[in-house]
Amino acid sequence: MTSLLALGPDALADFVAERGGQRFHAKALRRNVVARGVLDYASMTDLPAALRARLDEDLPIFSGRLGAVSEARDGTRKLLLSFSRGGEAEGELAVETVHIPPHKPLDGDGSPRGATLCVSSQAGCPVGCPFCASGLLGLERNLEHHEILEQFIRGRDLGPLRRAVVMGIGEPLLNLENLERALDAVRDEMGLGARKITVSTVGFPGRLRRLAERSPRFQLAISLHTPFQEERDELVPAMAGVPIEDVLAAGDHWFETTGREVTYEYVLLGGVNDSPRHAEALANRLRGRRCGVNLIPYNPTPELPYARPGSGDPEAFQEFLQERGVVATIRWSRGLHGAAACGQIGRAHVSTPVTTISRM
Ligand code: SAH
Ligand code: SF4
């Protein structure tokens, strides 16, 4: 069965007309769901009751099924969505979206601040980073544009959004058309601007250059993880053989084309890439470039052989970079023990119950 969100404007108008509605009702339907967040037909009182009753039977609003919503003590919530595998295949695919409330509930002017939503771009991921739970799955399939949009609409249903990060499951640059189409709707119909949306990628240089030329509108984060070529070939397997300098050159091109600085993400894996030697080489690569570094202390996944850096090590790494003229911040993940933190989503046992978190 199709869904309201999956149908384009003409197909939706046809669908409505076949059920005794007017073609203009299609616009009202879409506006109710995407712009206003009205998620059941009974509440769409601007539409004829008979039409609503027909649609209620024939046209689910979303194609995904909402499973468990688990909540960490800091209010971070993880939504589990199931989508059909598509084609002939049976069974369902699990995708997760994480709703992260603001650190401070109010803005300077006293108005409430919205949450950050972390969305997935693919079911599974083909890149295969050995430290990432999403990569363990391999790629199941690309998400459709409406499946990405659905995450935004369901996420907003938990509370208003201030910004979004495409840092859930999947590699966005490998599903760019669907992502762009979804983000167009997020901008034009939901009113969340592209500048409020950060796309995180392992940085395929050719695709990045195309993105910069075609749609220089997102904030960009590139997952680098190490300054050493051999090590990156292992930590980001799908990029093996792509020179780090080419990735950085594509980042420079992004800045030159868009005027916005790239953030390099660097997962700190204890005893692997958090040594002073790494910090030194990273600083040498980045010094003089218009960019920042976001250090992400690793969130351990039980089945993977990596550890969190030792206490104080992220700060030492940060300081080392700062002293050498490279701006660096540390991102302490939220929802840590709810298994909703970076790289912990998309695991087999995704329906983790509500648990507590010890630090943010
Ligand atoms: N595929 C894209 C976007 C999704 S991953 C990418 O890799 O950039 C988003 C970020 O989470 C990446 O920087 C990734 O390296 C990081 N990450 C993955 N697993 C992690 C983990 N267990 N702990 C901390 N960060 C992790
Ligand atoms: Fe894919 Fe990103 Fe995980 Fe690597 S870190 S496996 S690219 S989701």
# chains A, B, ... in the order shown; residues from 1 in each chain; ligands from 1
$ select_by_dssp --residues "range 81-138 of chain A" --states "alpha helix (DSSP H)" --output "list in words"
Ala133, Ser134, Gly135 and Leu136 of chain A
$ residues_around --residues "Phe255 in chain A" --least-positions-apart "5" --cutoff "10 Å" --atoms "only C-alpha atoms" --output "list in words"
Ala212, Pro216, Leu220, Ala249, Ala250, Arg260, Glu261, Val262, Arg289, Arg290 and Cys291 of chain A
$ atom_distance --atom1 "CA of Tyr266 in chain A" --atom2 "CA of Leu149 in chain A"
27.9 Å
$ residues_near_ligand --ligand "ligand 1" --cutoff "8 Å" --atoms "only C-alpha atoms and all ligand atoms" --output "PyMOL selection string"
chain A and resi 120+125+127+129+131-134+166-172+199-203+221-225+265-268+296-301+333+341-344
$ closest_residue --among "A:Ala328, A:Arg210, A:Leu136, A:Pro101" --to "His253 in chain A" --atoms "only C-alpha atoms"
A:Arg210
